[in-house]
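Structure file model34.pdb (PDB, C-alpha atoms, pLDDT in the B column) follows.
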```pdb
ATOM      1  CA  ILE X   1       0.000   0.000   0.000  1.00 41.00           C
ATOM      2  CA  LEU X   2       1.363   3.403  -0.948  1.00 42.00           C
ATOM      3  CA  PHE X   3       0.525   6.530   1.020  1.00 47.00           C
ATOM      4  CA  PHE X   4       1.087   9.949  -0.504  1.00 45.00           C
ATOM      5  CA  PHE X   5       1.565  13.100   1.515  1.00 48.00           C
ATOM      6  CA  GLU X   6       1.048  16.692   0.425  1.00 51.00           C
ATOM      7  CA  VAL X   7       4.205  18.655  -0.230  1.00 49.00           C
ATOM      8  CA  LYS X   8       5.066  20.798   2.817  1.00 55.00           C
ATOM      9  CA  VAL X   9       7.356  23.806   3.199  1.00 61.00           C
ATOM     10  CA  VAL X  10       7.369  24.401   6.963  1.00 83.00           C
ATOM     11  CA  LYS X  11      10.675  25.474   8.517  1.00 94.00           C
ATOM     12  CA  ILE X  12      11.538  25.568  12.235  1.00 96.00           C
ATOM     13  CA  GLU X  13      13.942  28.287  13.374  1.00 97.00           C
ATOM     14  CA  MET X  14      15.465  28.465  16.848  1.00 97.00           C
ATOM     15  CA  GLU X  15      17.276  31.695  17.697  1.00 97.00           C
ATOM     16  CA  ASN X  16      19.138  32.130  20.999  1.00 97.00           C
ATOM     17  CA  ILE X  17      16.829  29.708  22.759  1.00 97.00           C
ATOM     18  CA  VAL X  18      17.383  29.441  26.513  1.00 97.00           C
ATOM     19  CA  LYS X  19      15.633  26.833  28.626  1.00 95.00           C
ATOM     20  CA  ILE X  20      16.178  26.608  32.385  1.00 93.00           C
ATOM     21  CA  HIS X  21      14.816  23.864  34.610  1.00 89.00           C
ATOM     22  CA  VAL X  22      14.217  24.637  38.277  1.00 86.00           C
ATOM     23  CA  GLU X  23      14.151  21.836  40.827  1.00 84.00           C
ATOM     24  CA  LYS X  24      14.395  22.187  44.604  1.00 82.00           C
ATOM     25  CA  LYS X  25      15.516  25.807  44.250  1.00 82.00           C
ATOM     26  CA  LYS X  26      18.353  24.732  41.964  1.00 87.00           C
ATOM     27  CA  TYR X  27      18.668  26.011  38.400  1.00 88.00           C
ATOM     28  CA  PHE X  28      19.719  23.716  35.556  1.00 88.00           C
ATOM     29  CA  VAL X  29      20.457  25.217  32.138  1.00 91.00           C
ATOM     30  CA  ILE X  30      19.118  22.809  29.516  1.00 91.00           C
ATOM     31  CA  PHE X  31      19.711  25.048  26.490  1.00 94.00           C
ATOM     32  CA  ASN X  32      21.940  28.108  26.454  1.00 94.00           C
ATOM     33  CA  LYS X  33      21.392  30.384  23.445  1.00 95.00           C
ATOM     34  CA  VAL X  34      20.779  27.561  20.986  1.00 95.00           C
ATOM     35  CA  ASN X  35      20.588  28.508  17.306  1.00 97.00           C
ATOM     36  CA  TYR X  36      19.411  25.946  14.798  1.00 97.00           C
ATOM     37  CA  THR X  37      17.128  25.603  11.785  1.00 97.00           C
ATOM     38  CA  PHE X  38      15.213  22.481  10.838  1.00 97.00           C
ATOM     39  CA  TYR X  39      14.475  22.500   7.119  1.00 95.00           C
ATOM     40  CA  PRO X  40      11.535  20.890   5.308  1.00 94.00           C
ATOM     41  CA  GLY X  41      12.442  17.730   3.455  1.00 93.00           C
ATOM     42  CA  ASP X  42      15.111  16.738   5.974  1.00 94.00           C
ATOM     43  CA  LEU X  43      15.123  13.942   8.511  1.00 95.00           C
ATOM     44  CA  TYR X  44      17.025  14.668  11.730  1.00 95.00           C
ATOM     45  CA  TYR X  45      18.299  12.004  14.111  1.00 93.00           C
ATOM     46  CA  ILE X  46      19.310  13.393  17.492  1.00 92.00           C
ATOM     47  CA  TYR X  47      21.549  10.990  19.377  1.00 87.00           C
ATOM     48  CA  ASP X  48      21.457  11.813  23.084  1.00 81.00           C
ATOM     49  CA  PRO X  49      22.834   9.012  25.285  1.00 79.00           C
ATOM     50  CA  GLY X  50      23.264  11.181  28.368  1.00 73.00           C
ATOM     51  CA  HIS X  51      19.895  12.859  28.994  1.00 74.00           C
ATOM     52  CA  SER X  52      21.070  16.177  27.544  1.00 76.00           C
ATOM     53  CA  GLY X  53      17.654  17.535  26.665  1.00 88.00           C
ATOM     54  CA  LYS X  54      16.275  15.583  23.690  1.00 90.00           C
ATOM     55  CA  THR X  55      12.791  15.249  25.183  1.00 91.00           C
ATOM     56  CA  THR X  56      12.813  18.873  26.334  1.00 93.00           C
ATOM     57  CA  LEU X  57      13.634  19.912  22.763  1.00 95.00           C
ATOM     58  CA  LEU X  58      10.725  17.920  21.338  1.00 95.00           C
ATOM     59  CA  ASN X  59       8.404  19.350  23.992  1.00 94.00           C
ATOM     60  CA  LEU X  60       9.484  22.852  22.980  1.00 95.00           C
ATOM     61  CA  LEU X  61       8.924  22.183  19.298  1.00 96.00           C
ATOM     62  CA  CYS X  62       5.429  20.779  19.845  1.00 94.00           C
ATOM     63  CA  LEU X  63       4.568  23.782  22.046  1.00 94.00           C
ATOM     64  CA  GLN X  64       4.060  21.726  25.205  1.00 92.00           C
ATOM     65  CA  THR X  65       6.911  23.466  27.037  1.00 92.00           C
ATOM     66  CA  LYS X  66       7.806  27.160  27.107  1.00 93.00           C
ATOM     67  CA  TYR X  67      11.332  28.446  26.640  1.00 95.00           C
ATOM     68  CA  ASP X  68      12.778  31.189  28.837  1.00 95.00           C
ATOM     69  CA  GLU X  69      14.536  33.366  26.275  1.00 96.00           C
ATOM     70  CA  GLY X  70      15.000  33.601  22.528  1.00 97.00           C
ATOM     71  CA  THR X  71      12.759  33.212  19.495  1.00 97.00           C
ATOM     72  CA  LEU X  72      11.092  30.134  18.061  1.00 97.00           C
ATOM     73  CA  CYS X  73       9.595  30.502  14.590  1.00 96.00           C
ATOM     74  CA  ILE X  74       7.551  27.833  12.844  1.00 95.00           C
ATOM     75  CA  GLY X  75       6.506  28.427   9.268  1.00 92.00           C
ATOM     76  CA  GLY X  76       8.000  31.918   9.410  1.00 92.00           C
ATOM     77  CA  LYS X  77       5.929  33.010  12.418  1.00 92.00           C
ATOM     78  CA  SER X  78       7.187  33.594  15.951  1.00 95.00           C
ATOM     79  CA  ILE X  79       5.096  31.478  18.302  1.00 94.00           C
ATOM     80  CA  ALA X  80       5.396  34.197  20.947  1.00 93.00           C
ATOM     81  CA  HIS X  81       3.267  36.485  18.771  1.00 91.00           C
ATOM     82  CA  LEU X  82       0.523  34.000  17.979  1.00 92.00           C
ATOM     83  CA  PHE X  83      -3.000  34.368  19.320  1.00 93.00           C
ATOM     84  CA  PRO X  84      -4.362  31.294  21.159  1.00 92.00           C
ATOM     85  CA  HIS X  85      -6.478  30.204  18.182  1.00 92.00           C
ATOM     86  CA  GLU X  86      -3.448  30.545  15.879  1.00 92.00           C
ATOM     87  CA  LYS X  87      -1.350  28.453  18.236  1.00 92.00           C
ATOM     88  CA  ASN X  88      -4.045  25.776  18.367  1.00 90.00           C
ATOM     89  CA  LYS X  89      -4.151  25.711  14.575  1.00 90.00           C
ATOM     90  CA  LEU X  90      -0.386  25.309  14.478  1.00 92.00           C
ATOM     91  CA  LYS X  91      -0.502  22.444  16.971  1.00 91.00           C
ATOM     92  CA  ARG X  92      -2.722  20.524  14.562  1.00 90.00           C
ATOM     93  CA  LYS X  93       0.154  20.518  12.082  1.00 92.00           C
ATOM     94  CA  ILE X  94       2.489  18.822  14.567  1.00 95.00           C
ATOM     95  CA  ALA X  95       2.389  15.158  15.561  1.00 95.00           C
ATOM     96  CA  TYR X  96       4.410  13.952  18.523  1.00 96.00           C
ATOM     97  CA  VAL X  97       5.039  10.314  19.435  1.00 96.00           C
ATOM     98  CA  GLN X  98       6.343  10.256  22.994  1.00 90.00           C
ATOM     99  CA  GLU X  99       8.761   7.728  24.436  1.00 85.00           C
ATOM    100  CA  ASN X 100       6.097   5.914  26.435  1.00 85.00           C
ATOM    101  CA  SER X 101       3.188   4.647  24.374  1.00 79.00           C
ATOM    102  CA  ILE X 102       0.366   6.891  25.533  1.00 88.00           C
ATOM    103  CA  LEU X 103      -3.043   5.488  24.613  1.00 95.00           C
ATOM    104  CA  TYR X 104      -6.422   6.054  26.202  1.00 95.00           C
ATOM    105  CA  PRO X 105      -7.248   2.775  28.000  1.00 96.00           C
ATOM    106  CA  LYS X 106     -11.027   3.137  27.687  1.00 96.00           C
ATOM    107  CA  LEU X 107     -10.908   3.724  23.923  1.00 96.00           C
ATOM    108  CA  SER X 108     -10.431   1.006  21.335  1.00 97.00           C
ATOM    109  CA  ILE X 109      -7.393   0.985  19.057  1.00 97.00           C
ATOM    110  CA  ARG X 110      -9.465   2.453  16.229  1.00 96.00           C
ATOM    111  CA  GLU X 111     -10.875   5.166  18.497  1.00 96.00           C
ATOM    112  CA  ASN X 112      -7.397   6.067  19.764  1.00 96.00           C
ATOM    113  CA  ILE X 113      -6.156   6.537  16.207  1.00 96.00           C
ATOM    114  CA  LEU X 114      -9.235   8.493  15.137  1.00 94.00           C
ATOM    115  CA  LEU X 115      -9.012  10.865  18.092  1.00 92.00           C
ATOM    116  CA  PRO X 116      -6.698  13.546  16.558  1.00 89.00           C
ATOM    117  CA  LEU X 117      -8.620  13.441  13.278  1.00 89.00           C
ATOM    118  CA  HIS X 118     -11.686  14.991  14.924  1.00 84.00           C
ATOM    119  CA  VAL X 119     -10.147  18.446  14.410  1.00 77.00           C
ATOM    120  CA  HIS X 120      -9.457  17.789  10.721  1.00 74.00           C
ATOM    121  CA  LEU X 121     -12.058  18.660   8.112  1.00 67.00           C
ATOM    122  CA  LEU X 122     -12.561  15.158   6.778  1.00 73.00           C
ATOM    123  CA  GLU X 123     -15.683  13.147   6.141  1.00 83.00           C
ATOM    124  CA  THR X 124     -16.223  10.256   8.544  1.00 83.00           C
ATOM    125  CA  GLN X 125     -15.745   7.753   5.730  1.00 86.00           C
ATOM    126  CA  GLN X 126     -12.424   9.347   4.758  1.00 86.00           C
ATOM    127  CA  LYS X 127     -11.183   9.091   8.332  1.00 88.00           C
ATOM    128  CA  GLU X 128     -12.248   5.459   8.631  1.00 91.00           C
ATOM    129  CA  GLU X 129     -10.628   4.534   5.314  1.00 91.00           C
ATOM    130  CA  ARG X 130      -7.360   6.233   6.232  1.00 90.00           C
ATOM    131  CA  VAL X 131      -7.219   4.467   9.597  1.00 94.00           C
ATOM    132  CA  ASN X 132      -8.130   1.071   8.124  1.00 95.00           C
ATOM    133  CA  GLU X 133      -5.395   1.327   5.481  1.00 94.00           C
ATOM    134  CA  TYR X 134      -2.748   1.811   8.119  1.00 95.00           C
ATOM    135  CA  LEU X 135      -4.157  -0.893  10.383  1.00 96.00           C
ATOM    136  CA  MET X 136      -4.081  -3.325   7.467  1.00 96.00           C
ATOM    137  CA  GLU X 137      -0.540  -2.377   6.497  1.00 94.00           C
ATOM    138  CA  TYR X 138       0.747  -2.986  10.025  1.00 95.00           C
ATOM    139  CA  GLY X 139      -1.279  -6.148  10.567  1.00 95.00           C
ATOM    140  CA  LEU X 140      -3.581  -4.750  13.244  1.00 96.00           C
ATOM    141  CA  ILE X 141      -6.882  -4.570  11.390  1.00 96.00           C
ATOM    142  CA  ASP X 142      -8.189  -7.622  13.289  1.00 96.00           C
ATOM    143  CA  LYS X 143      -7.430  -5.865  16.580  1.00 97.00           C
ATOM    144  CA  ALA X 144      -9.003  -2.522  15.664  1.00 96.00           C
ATOM    145  CA  ASP X 145     -11.732  -2.904  18.280  1.00 96.00           C
ATOM    146  CA  PHE X 146      -9.431  -4.226  21.002  1.00 97.00           C
ATOM    147  CA  TYR X 147      -8.365  -2.083  23.934  1.00 97.00           C
ATOM    148  CA  PRO X 148      -4.724  -1.086  24.552  1.00 96.00           C
ATOM    149  CA  LYS X 149      -4.204  -3.417  27.520  1.00 95.00           C
ATOM    150  CA  SER X 150      -4.728  -6.444  25.258  1.00 96.00           C
ATOM    151  CA  LEU X 151      -1.879  -5.449  22.914  1.00 96.00           C
ATOM    152  CA  SER X 152       1.825  -6.134  23.225  1.00 96.00           C
ATOM    153  CA  GLU X 153       4.284  -3.282  23.829  1.00 95.00           C
ATOM    154  CA  GLU X 154       5.299  -3.359  20.186  1.00 96.00           C
ATOM    155  CA  GLU X 155       1.695  -3.224  19.012  1.00 96.00           C
ATOM    156  CA  ARG X 156       0.927  -0.272  21.291  1.00 96.00           C
ATOM    157  CA  GLN X 157       3.934   1.578  19.899  1.00 96.00           C
ATOM    158  CA  ILE X 158       2.773   0.851  16.349  1.00 97.00           C
ATOM    159  CA  VAL X 159      -0.651   2.263  17.197  1.00 97.00           C
ATOM    160  CA  CYS X 160       0.978   5.477  18.444  1.00 96.00           C
ATOM    161  CA  LEU X 161       2.947   5.756  15.208  1.00 97.00           C
ATOM    162  CA  ILE X 162      -0.160   5.127  13.109  1.00 97.00           C
ATOM    163  CA  ARG X 163      -2.005   7.810  15.060  1.00 96.00           C
ATOM    164  CA  ALA X 164       0.751  10.246  14.077  1.00 96.00           C
ATOM    165  CA  PHE X 165       0.877   9.139  10.436  1.00 96.00           C
ATOM    166  CA  VAL X 166      -2.865   9.471   9.811  1.00 94.00           C
ATOM    167  CA  GLN X 167      -2.697  13.161  10.718  1.00 92.00           C
ATOM    168  CA  LYS X 168      -0.309  13.807   7.812  1.00 91.00           C
ATOM    169  CA  PRO X 169       1.485  16.419   9.931  1.00 93.00           C
ATOM    170  CA  ASP X 170       3.803  19.113   8.614  1.00 94.00           C
ATOM    171  CA  ILE X 171       6.142  18.329  11.511  1.00 96.00           C
ATOM    172  CA  LEU X 172       6.645  14.851  12.969  1.00 97.00           C
ATOM    173  CA  LEU X 173       8.470  14.500  16.298  1.00 97.00           C
ATOM    174  CA  LEU X 174       9.493  11.035  17.489  1.00 97.00           C
ATOM    175  CA  ASP X 175      10.984  10.272  20.903  1.00 95.00           C
ATOM    176  CA  GLU X 176      12.540   6.778  21.042  1.00 93.00           C
ATOM    177  CA  PRO X 177      10.208   5.461  18.328  1.00 94.00           C
ATOM    178  CA  PHE X 178      12.140   2.245  17.600  1.00 93.00           C
ATOM    179  CA  ALA X 179      12.934   0.974  21.103  1.00 89.00           C
ATOM    180  CA  LYS X 180      10.033  -1.482  21.257  1.00 92.00           C
ATOM    181  CA  LEU X 181       9.907  -2.419  17.575  1.00 94.00           C
ATOM    182  CA  SER X 182      11.305  -5.409  15.718  1.00 94.00           C
ATOM    183  CA  GLU X 183      13.714  -4.692  12.869  1.00 93.00           C
ATOM    184  CA  SER X 184      11.115  -5.629  10.255  1.00 94.00           C
ATOM    185  CA  VAL X 185       8.689  -3.053  11.653  1.00 95.00           C
ATOM    186  CA  VAL X 186      11.474  -0.470  11.928  1.00 94.00           C
ATOM    187  CA  GLU X 187      12.181  -0.921   8.206  1.00 94.00           C
ATOM    188  CA  LYS X 188       8.508  -0.410   7.392  1.00 94.00           C
ATOM    189  CA  VAL X 189       8.348   2.727   9.553  1.00 95.00           C
ATOM    190  CA  MET X 190      11.503   4.095   7.925  1.00 94.00           C
ATOM    191  CA  GLU X 191       9.949   3.613   4.486  1.00 93.00           C
ATOM    192  CA  LYS X 192       7.034   5.748   5.630  1.00 94.00           C
ATOM    193  CA  LEU X 193       9.338   8.400   7.039  1.00 95.00           C
ATOM    194  CA  CYS X 194      11.269   8.543   3.754  1.00 93.00           C
ATOM    195  CA  ILE X 195       8.030   9.159   1.849  1.00 93.00           C
ATOM    196  CA  MET X 196       7.188  11.988   4.231  1.00 93.00           C
ATOM    197  CA  GLN X 197      10.701  13.378   3.995  1.00 92.00           C
ATOM    198  CA  ASN X 198      10.542  13.435   0.202  1.00 92.00           C
ATOM    199  CA  SER X 199       7.269  15.342   0.446  1.00 91.00           C
ATOM    200  CA  GLY X 200       8.922  18.135   2.420  1.00 91.00           C
ATOM    201  CA  HIS X 201       7.878  17.276   5.962  1.00 94.00           C
ATOM    202  CA  VAL X 202      10.151  18.035   8.898  1.00 96.00           C
ATOM    203  CA  ILE X 203      10.959  14.812  10.757  1.00 96.00           C
ATOM    204  CA  ILE X 204      12.925  14.830  14.001  1.00 97.00           C
ATOM    205  CA  ILE X 205      13.854  11.587  15.758  1.00 95.00           C
ATOM    206  CA  ALA X 206      15.447  11.682  19.207  1.00 93.00           C
ATOM    207  CA  SER X 207      17.003   8.634  20.809  1.00 90.00           C
ATOM    208  CA  LYS X 208      19.472   7.371  23.390  1.00 84.00           C
ATOM    209  CA  ARG X 209      20.509   4.735  20.857  1.00 78.00           C
ATOM    210  CA  ASP X 210      22.921   5.308  18.007  1.00 72.00           C
ATOM    211  CA  ARG X 211      21.336   4.080  14.791  1.00 65.00           C
ATOM    212  CA  LYS X 212      22.468   4.334  11.208  1.00 60.00           C
ATOM    213  CA  LEU X 213      19.607   5.410   8.981  1.00 59.00           C
ATOM    214  CA  ASN X 214      19.778   4.061   5.460  1.00 52.00           C
ATOM    215  CA  ASN X 215      17.917   6.873   3.746  1.00 47.00           C
TER     216      ASN X 215
END
```
Once you've parsed the file, please lay out its structure as structure tokens.
Amino acid sequence: ILFFFEVKVVKIEMENIVKIHVEKKKYFVIFNKVNYTFYPGDLYYIYDPGHSGKTTLLNLLCLQTKYDEGTLCIGGKSIAHLFPHEKNKLKRKIAYVQENSILYPKLSIRENILLPLHVHLLETQQKEERVNEYLMEYGLIDKADFYPKSLSEEERQIVCLIRAFVQKPDILLLDEPFAKLSESVVEKVMEKLCIMQNSGHVIIIASKRDRKLNN
């Protein structure tokens, strides 16, 4: 099954970003005047074996965490100058797969995947078809109505990845996406990421594991 993504041209620009973490009245500088640009059509693999801030970076880029100083621009717009409704609209263009597979236990696998699509202007049939295609590709169509607790760790991680893919996000952030996956599934996921990369999406993978990407 081939999945095609719209061509994207969203760029992420970090200028003099400072992030300080406070714990028990102690200050820890996570980022000190960081300058970096993530370009559309590139896949970034951040190797961080020593807890140097990979998850904090992804949380910043998906607008879950605030920075203390500097400027963060996404798509040419500073997020500091966005109105709440503009920020919410921007968040819909970002998909984030966190390190721990976060699924709603009282929703079925299908319902978990459909959840972020409720804010997209798609017909119900379109949403169902998109979800079913991915479930079939990853061999989970027969478990679509199961609940997360009945799935293996690998299957739950696959569901989280599918939930991100179906959104067709401009920006895809992945924190330790391969840790629970077999090599055959990793290859299939990488094929998907390459398709997205070639369509101009920004893809950022962060991991404690050093991995050579063959793309």
So what does the PyMOL selection byres ((chain X and resi 149-160) around 6) actually pick up in this one, as a list in words?
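Evaluating the PyMOL selection byres ((chain X and resi 149-160) around 6) on this file yields Ser101, Tyr147, Pro148, Leu161, Ile162, Arg163, Lys180 and Leu181 of chain X.
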For this structure, which residues satisfy the selection - the PyMOL selection byres ((chain X and resi 114-123) around 12) - when it is evaluated on the file as given? I want them as a ChimeraX atom specification.
/X:88-96,103-104,107-113,124-132,134-135,144,159-160,162-169
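Counting from CA of Val186 in chain X, the distance to CA of His201 in chain X is 19.1 Å.
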Among the residues X:Val22, X:Ile17, X:Ile141, X:Leu82, the one that comes closest to Leu60 in chain X [using all atoms listed in the file]
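Result for the nearest residue to Leu60 in chain X: X:Ile17.
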For Ser52 in chain X: contacts at 8 Å, all atoms listed in the file, fewer than 3 positions along chain excluded, given as a ChimeraX atom specification:
/X:30,48-49
Using C-alpha atoms, can you export the residues from the last selection as an mmCIF file, in the coordinates of the input?
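Output saved as out33.cif:
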```cif
data_model
loop_
_atom_site.group_PDB
_atom_site.id
_atom_site.type_symbol
_atom_site.label_atom_id
_atom_site.label_comp_id
_atom_site.auth_asym_id
_atom_site.auth_seq_id
_atom_site.Cartn_x
_atom_site.Cartn_y
_atom_site.Cartn_z
ATOM 1 C CA ILE X 30 19.118 22.809 29.516
ATOM 2 C CA ASP X 48 21.457 11.813 23.084
ATOM 3 C CA PRO X 49 22.834 9.012 25.285
#
```
Do you have the CA of Asn32 in chain X-CA of Lys208 in chain X distance handy?
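Pair CA of Asn32 in chain X / CA of Lys208 in chain X returns 21.1 Å.
Between Ser207 in chain X and the candidates X:Asn16, X:Gln98, X:Ser184, X:Asn35, the tightest atom-to-atom separation, counting only C-alpha atoms, involves X:Gln98.
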CA of Glu13 in chain X to CA of Glu176 in chain X, distance in Å rounded to a single decimal:
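Those two atoms sit 22.9 Å apart.
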Return the single residue from X:Glu187, X:Tyr36, X:Ile171, X:Ser78 that is closest to Ser199 in chain X, with distances computed using only C-alpha atoms.
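Of X:Glu187, X:Tyr36, X:Ile171, X:Ser78, the one nearest Ser199 in chain X is X:Ile171, counting only C-alpha atoms.
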Pick out the closest residue to Ala179 in chain X from this set: X:Thr37, X:Asn100, X:Gln197, X:Thr56. Count only C-alpha atoms.
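The shortest atom-to-atom distance to Ala179 in chain X comes from X:Asn100.
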So that I can check the surroundings of Pro40 in chain X, please list as an NGL selection string every protein, DNA and RNA residue that reaches within 12 Å of it, counting all atoms listed in the file and ignoring chain neighbours fewer than 5 positions away.
:X and (7-13 or 74-75 or 169-172 or 196-204)
